[in-house]
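Source file: target15.cif; contents: mmCIF, C-alpha atoms.
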```
data_protein
#
loop_
_atom_site.label_atom_id
_atom_site.label_comp_id
_atom_site.auth_asym_id
_atom_site.auth_seq_id
_atom_site.Cartn_x
_atom_site.Cartn_y
_atom_site.Cartn_z
CA MET F 1 -87.34 -60.84 16.80
CA ALA F 2 -86.93 -58.40 13.96
CA LYS F 3 -84.19 -55.88 14.27
CA PRO F 4 -85.16 -52.63 15.92
CA GLY F 5 -85.60 -49.98 13.28
CA VAL F 6 -87.04 -52.57 10.91
CA ALA F 7 -88.59 -50.89 7.86
CA ARG F 8 -91.85 -52.80 7.98
CA PRO F 9 -92.68 -53.77 11.50
CA SER F 10 -94.83 -56.87 11.75
CA GLY F 11 -98.44 -56.60 12.88
CA GLU F 12 -98.32 -60.04 14.48
CA ARG F 13 -98.91 -60.24 18.18
CA LEU F 14 -95.66 -60.60 20.10
CA LYS F 15 -95.15 -63.32 22.68
CA ASN F 16 -93.83 -62.65 26.14
CA PRO F 17 -90.12 -63.27 25.55
CA ALA F 18 -90.14 -61.02 22.50
CA ILE F 19 -91.99 -58.31 24.43
CA SER F 20 -89.30 -58.46 27.11
CA ARG F 21 -86.60 -58.00 24.51
CA TRP F 22 -88.39 -55.14 22.78
CA LEU F 23 -89.07 -53.37 26.09
CA LYS F 24 -85.33 -53.06 26.59
CA THR F 25 -85.15 -50.99 23.42
CA VAL F 26 -87.60 -48.35 24.69
CA PRO F 27 -86.42 -47.06 28.06
CA GLY F 28 -89.13 -45.05 29.78
CA TRP F 29 -91.95 -47.13 28.32
CA LYS F 30 -93.79 -49.64 30.47
CA ALA F 31 -96.03 -52.52 29.55
CA GLN F 32 -99.49 -52.54 31.11
CA ASP F 33 -102.86 -54.29 30.92
CA ARG F 34 -101.23 -57.73 31.00
CA ARG F 35 -98.65 -56.64 28.47
CA SER F 36 -101.26 -55.74 25.88
CA SER F 37 -100.04 -52.15 25.59
CA ILE F 38 -97.09 -49.90 26.36
CA THR F 39 -97.28 -46.45 27.88
CA ARG F 40 -95.06 -43.49 28.59
CA THR F 41 -95.76 -40.09 30.12
CA TYR F 42 -93.79 -37.08 28.92
CA VAL F 43 -93.51 -33.92 30.98
CA LEU F 44 -93.04 -30.91 28.73
CA PRO F 45 -91.99 -27.39 29.82
CA GLY F 46 -95.55 -26.08 29.45
CA PHE F 47 -98.92 -26.44 27.75
CA ARG F 48 -97.78 -25.05 24.40
CA SER F 49 -94.85 -27.45 24.31
CA ALA F 50 -97.26 -30.26 25.14
CA LEU F 51 -99.47 -29.27 22.19
CA ALA F 52 -96.44 -29.13 19.87
CA PHE F 53 -95.33 -32.55 21.09
CA VAL F 54 -98.80 -33.95 20.35
CA GLN F 55 -98.60 -32.55 16.81
CA PHE F 56 -95.21 -34.18 16.35
CA VAL F 57 -96.53 -37.51 17.62
CA GLY F 58 -99.57 -37.10 15.37
CA GLU F 59 -97.39 -36.66 12.28
CA LEU F 60 -95.40 -39.78 13.16
CA ALA F 61 -98.63 -41.66 13.80
CA GLU F 62 -99.92 -40.75 10.35
CA ALA F 63 -96.62 -41.75 8.75
CA HIS F 64 -96.78 -45.12 10.52
CA ASP F 65 -100.53 -45.44 10.04
CA HIS F 66 -100.55 -46.40 13.70
CA HIS F 67 -102.19 -44.15 16.26
CA PRO F 68 -101.50 -44.05 19.97
CA ASP F 69 -104.04 -43.03 22.55
CA ILE F 70 -102.97 -39.56 23.67
CA ASP F 71 -103.91 -37.94 26.97
CA ILE F 72 -103.03 -34.31 27.64
CA ARG F 73 -103.00 -33.09 31.24
CA TYR F 74 -101.69 -29.53 30.97
CA LYS F 75 -97.97 -30.10 30.38
CA LYS F 76 -98.05 -33.86 30.75
CA VAL F 77 -98.72 -36.05 27.72
CA THR F 78 -99.32 -39.77 28.08
CA LEU F 79 -99.09 -42.06 25.07
CA ASN F 80 -100.50 -45.56 25.02
CA LEU F 81 -99.69 -47.94 22.19
CA SER F 82 -101.34 -51.22 21.31
CA THR F 83 -102.23 -52.99 18.08
CA HIS F 84 -105.96 -53.51 18.45
CA SER F 85 -106.22 -55.60 15.27
CA ALA F 86 -103.74 -58.06 16.79
CA GLY F 87 -105.23 -57.93 20.28
CA GLY F 88 -101.98 -56.83 21.87
CA LEU F 89 -98.45 -55.64 21.31
CA THR F 90 -96.72 -55.94 17.95
CA GLU F 91 -93.53 -54.60 16.41
CA LYS F 92 -95.62 -51.66 15.17
CA ASP F 93 -96.01 -50.40 18.73
CA PHE F 94 -92.32 -50.56 19.51
CA ALA F 95 -91.34 -49.09 16.14
CA LEU F 96 -93.50 -46.02 16.79
CA ALA F 97 -92.36 -45.72 20.42
CA ARG F 98 -88.75 -45.77 19.28
CA GLU F 99 -89.37 -43.11 16.69
CA VAL F 100 -91.13 -40.82 19.16
CA ASP F 101 -88.11 -41.08 21.42
CA ALA F 102 -85.64 -40.48 18.60
CA ARG F 103 -86.91 -36.87 18.41
CA MET V 1 -125.68 -16.60 37.90
CA ALA V 2 -123.61 -14.40 35.66
CA LYS V 3 -124.78 -13.99 32.12
CA PRO V 4 -123.45 -16.52 29.68
CA GLY V 5 -120.68 -14.95 27.64
CA VAL V 6 -119.59 -12.94 30.66
CA ALA V 7 -116.21 -11.29 30.01
CA ARG V 8 -114.60 -12.40 33.24
CA PRO V 9 -116.06 -15.66 34.41
CA SER V 10 -115.87 -16.18 38.14
CA GLY V 11 -113.54 -18.78 39.60
CA GLU V 12 -115.88 -19.43 42.51
CA ARG V 13 -117.29 -22.89 42.87
CA LEU V 14 -120.85 -23.10 41.59
CA LYS V 15 -123.62 -24.57 43.66
CA ASN V 16 -126.00 -27.19 42.34
CA PRO V 17 -128.84 -24.94 41.14
CA ALA V 18 -126.38 -22.73 39.24
CA ILE V 19 -124.74 -25.80 37.71
CA SER V 20 -128.14 -26.96 36.49
CA ARG V 21 -128.77 -23.61 34.84
CA TRP V 22 -125.34 -23.46 33.25
CA LEU V 23 -125.63 -27.02 31.94
CA LYS V 24 -128.60 -25.94 29.85
CA THR V 25 -126.33 -23.48 28.04
CA VAL V 26 -123.93 -26.21 26.86
CA PRO V 27 -125.89 -28.93 25.08
CA GLY V 28 -123.75 -32.02 24.55
CA TRP V 29 -121.80 -31.52 27.76
CA LYS V 30 -122.49 -33.68 30.78
CA ALA V 31 -121.58 -33.25 34.42
CA GLN V 32 -119.68 -36.10 36.03
CA ASP V 33 -117.76 -37.01 39.19
CA ARG V 34 -120.53 -35.68 41.43
CA ARG V 35 -120.83 -32.57 39.30
CA SER V 36 -117.22 -31.60 39.83
CA SER V 37 -116.46 -31.57 36.10
CA ILE V 38 -118.13 -31.45 32.69
CA THR V 39 -117.21 -33.58 29.72
CA ARG V 40 -117.96 -33.86 26.04
CA THR V 41 -116.70 -36.22 23.34
CA TYR V 42 -116.35 -34.92 19.79
CA VAL V 43 -116.19 -37.28 16.84
CA LEU V 44 -114.17 -35.72 14.04
CA PRO V 45 -113.97 -36.94 10.42
CA GLY V 46 -110.50 -38.42 10.97
CA PHE V 47 -107.28 -38.32 12.94
CA ARG V 48 -105.94 -35.18 11.25
CA SER V 49 -109.18 -33.33 11.98
CA ALA V 50 -108.94 -34.51 15.57
CA LEU V 51 -105.41 -33.07 15.83
CA ALA V 52 -106.57 -29.78 14.34
CA PHE V 53 -109.48 -29.64 16.77
CA VAL V 54 -107.07 -30.20 19.67
CA GLN V 55 -104.93 -27.30 18.44
CA PHE V 56 -108.01 -25.11 18.27
CA VAL V 57 -109.04 -26.08 21.79
CA GLY V 58 -105.46 -25.50 22.92
CA GLU V 59 -105.47 -21.95 21.59
CA LEU V 60 -108.75 -21.22 23.36
CA ALA V 61 -107.39 -22.77 26.54
CA GLU V 62 -104.37 -20.49 26.44
CA ALA V 63 -106.57 -17.46 25.78
CA HIS V 64 -108.75 -18.39 28.78
CA ASP V 65 -105.78 -19.51 30.87
CA HIS V 66 -107.92 -22.53 31.62
CA HIS V 67 -106.92 -25.96 30.35
CA PRO V 68 -109.18 -28.93 29.85
CA ASP V 69 -108.01 -32.51 30.08
CA ILE V 70 -107.87 -33.75 26.51
CA ASP V 71 -108.02 -37.39 25.44
CA ILE V 72 -107.46 -38.35 21.82
CA ARG V 73 -108.70 -41.75 20.63
CA TYR V 74 -108.01 -41.69 16.89
CA LYS V 75 -110.83 -39.47 15.62
CA LYS V 76 -112.56 -39.04 18.97
CA VAL V 77 -111.55 -36.22 21.28
CA THR V 78 -112.86 -36.02 24.83
CA LEU V 79 -112.59 -32.80 26.81
CA ASN V 80 -113.00 -32.63 30.55
CA LEU V 81 -113.30 -29.31 32.33
CA SER V 82 -113.02 -28.55 36.02
CA THR V 83 -111.56 -25.73 38.09
CA HIS V 84 -109.10 -27.55 40.30
CA SER V 85 -108.28 -24.45 42.36
CA ALA V 86 -111.98 -24.21 43.30
CA GLY V 87 -112.44 -27.93 43.80
CA GLY V 88 -115.23 -28.17 41.24
CA LEU V 89 -117.14 -26.39 38.52
CA THR V 90 -117.00 -22.63 38.06
CA GLU V 91 -118.12 -20.19 35.38
CA LYS V 92 -114.67 -20.61 33.84
CA ASP V 93 -115.53 -24.16 32.83
CA PHE V 94 -118.80 -23.22 31.18
CA ALA V 95 -117.31 -20.14 29.51
CA LEU V 96 -114.64 -22.28 27.83
CA ALA V 97 -117.10 -25.04 26.93
CA ARG V 98 -119.37 -22.48 25.26
CA GLU V 99 -116.50 -21.03 23.29
CA VAL V 100 -115.33 -24.43 22.06
CA ASP V 101 -118.85 -25.07 20.78
CA ALA V 102 -119.13 -21.65 19.17
CA ARG V 103 -116.51 -22.78 16.63
#
```
Please go through the file and, once you have read it, give me the structure as structure tokens.
Amino acid sequence: MAKPGVARPSGERLKNPAISRWLKTVPGWKAQDRRSSITRTYVLPGFRSALAFVQFVGELAEAHDHHPDIDIRYKKVTLNLSTHSAGGLTEKDFALAREVDAR
Amino acid sequence: MAKPGVARPSGERLKNPAISRWLKTVPGWKAQDRRSSITRTYVLPGFRSALAFVQFVGELAEAHDHHPDIDIRYKKVTLNLSTHSAGGLTEKDFALAREVDAR
């Protein structure tokens, strides 16, 4: 397992034990779809805050060249991260999740 | 049926014949969930354009005080409109849909 905060997260698909370890580094995120993705829902104060949060996530996504699925339901924003090219979770997903939560 | 472009769209639930008429005014939008909502997916040139489009829709939503569900899948943005307080489609949904497409 690479160290959290690794500069160049690997795009190799993680195995179950590694996923378990990485999950501990991103409280609030949950694995789903047979551990092929991670998801978290954020509740913002209102719709405008939700939009601003989406812009912030979008900037990070561009910087990482890794783009979460984003669902906006008024003031709730759900992110879903997976590395489609690897067919599941990689360090890239956890690296971006960690950075979103470091805001 | 109120005229399209009506200043104050009604929040009353539309009946089937009215929905059919309104649908003709928003090409590209489709009714779903037993005609309780309308949806359209926009394919933008890239992720940044998708984010900008979401901001644009967000501003309109605030102006209308009517907020679509918004799903971002990289450069695809899906909007879903329904008037939850009315339990289905109202003029509010079509008024916002028309304004999004007048961009």
Inset, instruction - Apply the PyMOL selection byres ((chain F) within 6 of (chain V)) to the file shown and report the selected residues as a PyMOL selection string. - result: chain F and resi 69-73
Can those selected residues be exported to a file as a short mmCIF file (atom, residue, chain, number, x, y, z; two decimals), in the coordinates of the input so that it contains C-alpha atoms?
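Output file again-v1.cif follows:
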```
data_model
loop_
_atom_site.label_atom_id
_atom_site.label_comp_id
_atom_site.auth_asym_id
_atom_site.auth_seq_id
_atom_site.Cartn_x
_atom_site.Cartn_y
_atom_site.Cartn_z
CA ASP F 69 -104.04 -43.03 22.55
CA ILE F 70 -102.97 -39.56 23.67
CA ASP F 71 -103.91 -37.94 26.97
CA ILE F 72 -103.03 -34.31 27.64
CA ARG F 73 -103.00 -33.09 31.24
#
```
Got a sec to align chain F on chain V by every in-order Cα pair and hand back the fitted coordinates as a JSON list (two decimals) with C-alpha atoms, keeping the file's coordinate frame?
```json
[["chain", "number", "residue", "atom", "x", "y", "z"],
["F", 1, "MET", "CA", -125.74, -16.57, 37.91],
["F", 2, "ALA", "CA", -123.64, -14.40, 35.64],
["F", 3, "LYS", "CA", -124.80, -14.02, 32.11],
["F", 4, "PRO", "CA", -123.45, -16.56, 29.68],
["F", 5, "GLY", "CA", -120.71, -14.98, 27.63],
["F", 6, "VAL", "CA", -119.59, -12.98, 30.66],
["F", 7, "ALA", "CA", -116.22, -11.32, 30.00],
["F", 8, "ARG", "CA", -114.61, -12.43, 33.23],
["F", 9, "PRO", "CA", -116.07, -15.68, 34.39],
["F", 10, "SER", "CA", -115.88, -16.18, 38.13],
["F", 11, "GLY", "CA", -113.54, -18.79, 39.59],
["F", 12, "GLU", "CA", -115.87, -19.42, 42.51],
["F", 13, "ARG", "CA", -117.28, -22.89, 42.87],
["F", 14, "LEU", "CA", -120.84, -23.10, 41.58],
["F", 15, "LYS", "CA", -123.63, -24.58, 43.66],
["F", 16, "ASN", "CA", -126.00, -27.19, 42.35],
["F", 17, "PRO", "CA", -128.83, -24.94, 41.14],
["F", 18, "ALA", "CA", -126.39, -22.74, 39.25],
["F", 19, "ILE", "CA", -124.73, -25.80, 37.70],
["F", 20, "SER", "CA", -128.13, -26.96, 36.48],
["F", 21, "ARG", "CA", -128.76, -23.61, 34.86],
["F", 22, "TRP", "CA", -125.33, -23.45, 33.24],
["F", 23, "LEU", "CA", -125.63, -27.02, 31.93],
["F", 24, "LYS", "CA", -128.60, -25.92, 29.86],
["F", 25, "THR", "CA", -126.33, -23.48, 28.04],
["F", 26, "VAL", "CA", -123.92, -26.20, 26.85],
["F", 27, "PRO", "CA", -125.88, -28.92, 25.07],
["F", 28, "GLY", "CA", -123.76, -32.02, 24.55],
["F", 29, "TRP", "CA", -121.80, -31.52, 27.76],
["F", 30, "LYS", "CA", -122.50, -33.68, 30.79],
["F", 31, "ALA", "CA", -121.58, -33.24, 34.41],
["F", 32, "GLN", "CA", -119.69, -36.09, 36.04],
["F", 33, "ASP", "CA", -117.77, -37.01, 39.19],
["F", 34, "ARG", "CA", -120.54, -35.67, 41.43],
["F", 35, "ARG", "CA", -120.84, -32.56, 39.31],
["F", 36, "SER", "CA", -117.21, -31.60, 39.83],
["F", 37, "SER", "CA", -116.46, -31.56, 36.11],
["F", 38, "ILE", "CA", -118.12, -31.43, 32.70],
["F", 39, "THR", "CA", -117.21, -33.57, 29.72],
["F", 40, "ARG", "CA", -117.98, -33.85, 26.04],
["F", 41, "THR", "CA", -116.71, -36.20, 23.35],
["F", 42, "TYR", "CA", -116.34, -34.92, 19.80],
["F", 43, "VAL", "CA", -116.18, -37.27, 16.84],
["F", 44, "LEU", "CA", -114.17, -35.71, 14.03],
["F", 45, "PRO", "CA", -113.98, -36.95, 10.41],
["F", 46, "GLY", "CA", -110.51, -38.43, 10.97],
["F", 47, "PHE", "CA", -107.27, -38.31, 12.94],
["F", 48, "ARG", "CA", -105.95, -35.17, 11.26],
["F", 49, "SER", "CA", -109.18, -33.33, 11.97],
["F", 50, "ALA", "CA", -108.94, -34.51, 15.57],
["F", 51, "LEU", "CA", -105.42, -33.08, 15.83],
["F", 52, "ALA", "CA", -106.57, -29.77, 14.32],
["F", 53, "PHE", "CA", -109.48, -29.65, 16.76],
["F", 54, "VAL", "CA", -107.07, -30.20, 19.67],
["F", 55, "GLN", "CA", -104.93, -27.30, 18.44],
["F", 56, "PHE", "CA", -108.01, -25.10, 18.26],
["F", 57, "VAL", "CA", -109.04, -26.09, 21.79],
["F", 58, "GLY", "CA", -105.46, -25.51, 22.94],
["F", 59, "GLU", "CA", -105.46, -21.95, 21.59],
["F", 60, "LEU", "CA", -108.75, -21.21, 23.36],
["F", 61, "ALA", "CA", -107.39, -22.78, 26.53],
["F", 62, "GLU", "CA", -104.37, -20.49, 26.44],
["F", 63, "ALA", "CA", -106.56, -17.46, 25.79],
["F", 64, "HIS", "CA", -108.73, -18.38, 28.78],
["F", 65, "ASP", "CA", -105.77, -19.51, 30.86],
["F", 66, "HIS", "CA", -107.92, -22.53, 31.62],
["F", 67, "HIS", "CA", -106.91, -25.95, 30.36],
["F", 68, "PRO", "CA", -109.17, -28.94, 29.84],
["F", 69, "ASP", "CA", -108.02, -32.51, 30.09],
["F", 70, "ILE", "CA", -107.88, -33.75, 26.50],
["F", 71, "ASP", "CA", -108.03, -37.39, 25.44],
["F", 72, "ILE", "CA", -107.46, -38.35, 21.81],
["F", 73, "ARG", "CA", -108.68, -41.76, 20.63],
["F", 74, "TYR", "CA", -108.02, -41.69, 16.89],
["F", 75, "LYS", "CA", -110.83, -39.46, 15.63],
["F", 76, "LYS", "CA", -112.57, -39.03, 18.96],
["F", 77, "VAL", "CA", -111.55, -36.21, 21.28],
["F", 78, "THR", "CA", -112.87, -36.01, 24.82],
["F", 79, "LEU", "CA", -112.59, -32.79, 26.81],
["F", 80, "ASN", "CA", -113.00, -32.63, 30.55],
["F", 81, "LEU", "CA", -113.29, -29.30, 32.33],
["F", 82, "SER", "CA", -113.02, -28.56, 36.02],
["F", 83, "THR", "CA", -111.56, -25.73, 38.09],
["F", 84, "HIS", "CA", -109.11, -27.56, 40.32],
["F", 85, "SER", "CA", -108.29, -24.44, 42.36],
["F", 86, "ALA", "CA", -111.97, -24.20, 43.30],
["F", 87, "GLY", "CA", -112.44, -27.93, 43.80],
["F", 88, "GLY", "CA", -115.22, -28.16, 41.24],
["F", 89, "LEU", "CA", -117.14, -26.39, 38.53],
["F", 90, "THR", "CA", -116.99, -22.63, 38.05],
["F", 91, "GLU", "CA", -118.12, -20.19, 35.39],
["F", 92, "LYS", "CA", -114.66, -20.61, 33.84],
["F", 93, "ASP", "CA", -115.52, -24.16, 32.83],
["F", 94, "PHE", "CA", -118.79, -23.23, 31.19],
["F", 95, "ALA", "CA", -117.29, -20.15, 29.52],
["F", 96, "LEU", "CA", -114.63, -22.29, 27.83],
["F", 97, "ALA", "CA", -117.10, -25.05, 26.93],
["F", 98, "ARG", "CA", -119.35, -22.48, 25.28],
["F", 99, "GLU", "CA", -116.49, -21.03, 23.31],
["F", 100, "VAL", "CA", -115.33, -24.43, 22.07],
["F", 101, "ASP", "CA", -118.84, -25.06, 20.80],
["F", 102, "ALA", "CA", -119.12, -21.64, 19.17],
["F", 103, "ARG", "CA", -116.51, -22.77, 16.61]]
```
Inset, instruction - Using the chain letters and numbers from the file, give me the residues hit by the PyMOL selection byres ((chain V and resi 13) around 7), as a ChimeraX atom specification. - result: /V:11-12,14-15,86,88-90
Please produce an output containing C-alpha atoms for each residue in the selection, written as a compact mmCIF listing (two decimals), in the coordinates of the input.
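And here is the file that came out, again-v4.txt:
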```
# COMPACT_ATOMS: atom_id res chain seq x y z
CA GLY V 11 -113.54 -18.78 39.60
CA GLU V 12 -115.88 -19.43 42.51
CA LEU V 14 -120.85 -23.10 41.59
CA LYS V 15 -123.62 -24.57 43.66
CA ALA V 86 -111.98 -24.21 43.30
CA GLY V 88 -115.23 -28.17 41.24
CA LEU V 89 -117.14 -26.39 38.52
CA THR V 90 -117.00 -22.63 38.06
```
Inset, instruction - Would you please work out which residue, of F:Leu81, F:Val100, F:Lys76, F:Glu91, is nearest to Asp33 in chain F when using only C-alpha atoms? - result: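 Checking each candidate against Asp33 in chain F, we get F:Leu81 as the closest.
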Legend entry - Test item: residues at most 9 Å from Ser37 in chain V, all atoms listed in the file, excluding those fewer than 5 positions along its chain, as number ranges by chain: V: 30-32, 80-83, 88-89, 93
Please supply range 49-60 of chain V, rebuilt with all heavy atoms, as a PDB file, in the coordinates of the input.
```pdb
ATOM      1  N   SER V  49    -108.174 -34.310  11.505  1.00  0.00           N
ATOM      2  CA  SER V  49    -109.180 -33.330  11.980  1.00  0.00           C
ATOM      3  C   SER V  49    -109.182 -33.300  13.504  1.00  0.00           C
ATOM      4  O   SER V  49    -109.369 -32.247  14.110  1.00  0.00           O
ATOM      5  CB  SER V  49    -110.577 -33.704  11.504  1.00  0.00           C
ATOM      6  OG  SER V  49    -110.549 -34.143  10.184  1.00  0.00           O
ATOM      7  N   ALA V  50    -108.983 -34.461  14.103  1.00  0.00           N
ATOM      8  CA  ALA V  50    -108.940 -34.510  15.570  1.00  0.00           C
ATOM      9  C   ALA V  50    -107.759 -33.698  16.088  1.00  0.00           C
ATOM     10  O   ALA V  50    -107.883 -32.924  17.041  1.00  0.00           O
ATOM     11  CB  ALA V  50    -108.847 -35.965  16.047  1.00  0.00           C
ATOM     12  N   LEU V  51    -106.598 -33.849  15.435  1.00  0.00           N
ATOM     13  CA  LEU V  51    -105.410 -33.070  15.830  1.00  0.00           C
ATOM     14  C   LEU V  51    -105.667 -31.580  15.682  1.00  0.00           C
ATOM     15  O   LEU V  51    -105.276 -30.782  16.544  1.00  0.00           O
ATOM     16  CB  LEU V  51    -104.213 -33.452  14.962  1.00  0.00           C
ATOM     17  CG  LEU V  51    -103.414 -34.711  15.295  1.00  0.00           C
ATOM     18  CD1 LEU V  51    -102.226 -34.801  14.345  1.00  0.00           C
ATOM     19  CD2 LEU V  51    -102.942 -34.710  16.746  1.00  0.00           C
ATOM     20  N   ALA V  52    -106.295 -31.199  14.574  1.00  0.00           N
ATOM     21  CA  ALA V  52    -106.570 -29.780  14.340  1.00  0.00           C
ATOM     22  C   ALA V  52    -107.539 -29.244  15.389  1.00  0.00           C
ATOM     23  O   ALA V  52    -107.367 -28.121  15.891  1.00  0.00           O
ATOM     24  CB  ALA V  52    -107.141 -29.588  12.931  1.00  0.00           C
ATOM     25  N   PHE V  53    -108.517 -30.057  15.729  1.00  0.00           N
ATOM     26  CA  PHE V  53    -109.480 -29.640  16.770  1.00  0.00           C
ATOM     27  C   PHE V  53    -108.759 -29.444  18.107  1.00  0.00           C
ATOM     28  O   PHE V  53    -109.023 -28.479  18.840  1.00  0.00           O
ATOM     29  CB  PHE V  53    -110.583 -30.699  16.884  1.00  0.00           C
ATOM     30  CG  PHE V  53    -111.567 -30.427  17.981  1.00  0.00           C
ATOM     31  CD1 PHE V  53    -112.421 -29.341  17.922  1.00  0.00           C
ATOM     32  CD2 PHE V  53    -111.646 -31.270  19.089  1.00  0.00           C
ATOM     33  CE1 PHE V  53    -113.329 -29.086  18.942  1.00  0.00           C
ATOM     34  CE2 PHE V  53    -112.551 -31.029  20.112  1.00  0.00           C
ATOM     35  CZ  PHE V  53    -113.392 -29.922  20.043  1.00  0.00           C
ATOM     36  N   VAL V  54    -107.822 -30.321  18.413  1.00  0.00           N
ATOM     37  CA  VAL V  54    -107.070 -30.200  19.670  1.00  0.00           C
ATOM     38  C   VAL V  54    -106.239 -28.917  19.671  1.00  0.00           C
ATOM     39  O   VAL V  54    -106.137 -28.232  20.694  1.00  0.00           O
ATOM     40  CB  VAL V  54    -106.172 -31.444  19.884  1.00  0.00           C
ATOM     41  CG1 VAL V  54    -105.142 -31.211  20.983  1.00  0.00           C
ATOM     42  CG2 VAL V  54    -107.044 -32.657  20.212  1.00  0.00           C
ATOM     43  N   GLN V  55    -105.674 -28.563  18.518  1.00  0.00           N
ATOM     44  CA  GLN V  55    -104.930 -27.300  18.440  1.00  0.00           C
ATOM     45  C   GLN V  55    -105.857 -26.115  18.690  1.00  0.00           C
ATOM     46  O   GLN V  55    -105.507 -25.182  19.409  1.00  0.00           O
ATOM     47  CB  GLN V  55    -104.267 -27.150  17.056  1.00  0.00           C
ATOM     48  CG  GLN V  55    -103.056 -28.038  16.861  1.00  0.00           C
ATOM     49  CD  GLN V  55    -101.950 -27.761  17.875  1.00  0.00           C
ATOM     50  OE1 GLN V  55    -101.496 -26.633  18.024  1.00  0.00           O
ATOM     51  NE2 GLN V  55    -101.513 -28.786  18.590  1.00  0.00           N
ATOM     52  N   PHE V  56    -107.023 -26.174  18.082  1.00  0.00           N
ATOM     53  CA  PHE V  56    -108.010 -25.110  18.270  1.00  0.00           C
ATOM     54  C   PHE V  56    -108.396 -24.983  19.744  1.00  0.00           C
ATOM     55  O   PHE V  56    -108.394 -23.885  20.315  1.00  0.00           O
ATOM     56  CB  PHE V  56    -109.242 -25.419  17.391  1.00  0.00           C
ATOM     57  CG  PHE V  56    -110.474 -24.664  17.782  1.00  0.00           C
ATOM     58  CD1 PHE V  56    -110.639 -23.322  17.457  1.00  0.00           C
ATOM     59  CD2 PHE V  56    -111.496 -25.303  18.478  1.00  0.00           C
ATOM     60  CE1 PHE V  56    -111.791 -22.638  17.833  1.00  0.00           C
ATOM     61  CE2 PHE V  56    -112.647 -24.620  18.851  1.00  0.00           C
ATOM     62  CZ  PHE V  56    -112.793 -23.276  18.534  1.00  0.00           C
ATOM     63  N   VAL V  57    -108.690 -26.104  20.365  1.00  0.00           N
ATOM     64  CA  VAL V  57    -109.040 -26.080  21.790  1.00  0.00           C
ATOM     65  C   VAL V  57    -107.862 -25.555  22.610  1.00  0.00           C
ATOM     66  O   VAL V  57    -108.036 -24.783  23.554  1.00  0.00           O
ATOM     67  CB  VAL V  57    -109.454 -27.497  22.274  1.00  0.00           C
ATOM     68  CG1 VAL V  57    -109.591 -27.542  23.795  1.00  0.00           C
ATOM     69  CG2 VAL V  57    -110.755 -27.926  21.611  1.00  0.00           C
ATOM     70  N   GLY V  58    -106.661 -25.949  22.214  1.00  0.00           N
ATOM     71  CA  GLY V  58    -105.460 -25.500  22.920  1.00  0.00           C
ATOM     72  C   GLY V  58    -105.292 -23.993  22.874  1.00  0.00           C
ATOM     73  O   GLY V  58    -104.946 -23.359  23.872  1.00  0.00           O
ATOM     74  N   GLU V  59    -105.567 -23.412  21.719  1.00  0.00           N
ATOM     75  CA  GLU V  59    -105.470 -21.950  21.590  1.00  0.00           C
ATOM     76  C   GLU V  59    -106.489 -21.259  22.497  1.00  0.00           C
ATOM     77  O   GLU V  59    -106.176 -20.291  23.191  1.00  0.00           O
ATOM     78  CB  GLU V  59    -105.694 -21.515  20.137  1.00  0.00           C
ATOM     79  CG  GLU V  59    -104.595 -21.939  19.170  1.00  0.00           C
ATOM     80  CD  GLU V  59    -103.230 -21.404  19.579  1.00  0.00           C
ATOM     81  OE1 GLU V  59    -103.144 -20.258  20.062  1.00  0.00           O
ATOM     82  OE2 GLU V  59    -102.248 -22.158  19.430  1.00  0.00           O
ATOM     83  N   LEU V  60    -107.712 -21.782  22.478  1.00  0.00           N
ATOM     84  CA  LEU V  60    -108.750 -21.220  23.360  1.00  0.00           C
ATOM     85  C   LEU V  60    -108.336 -21.365  24.823  1.00  0.00           C
ATOM     86  O   LEU V  60    -108.532 -20.451  25.630  1.00  0.00           O
ATOM     87  CB  LEU V  60    -110.081 -21.934  23.144  1.00  0.00           C
ATOM     88  CG  LEU V  60    -110.893 -21.576  21.914  1.00  0.00           C
ATOM     89  CD1 LEU V  60    -112.227 -22.333  21.938  1.00  0.00           C
ATOM     90  CD2 LEU V  60    -111.157 -20.064  21.866  1.00  0.00           C
TER      91      LEU V  60
END
```
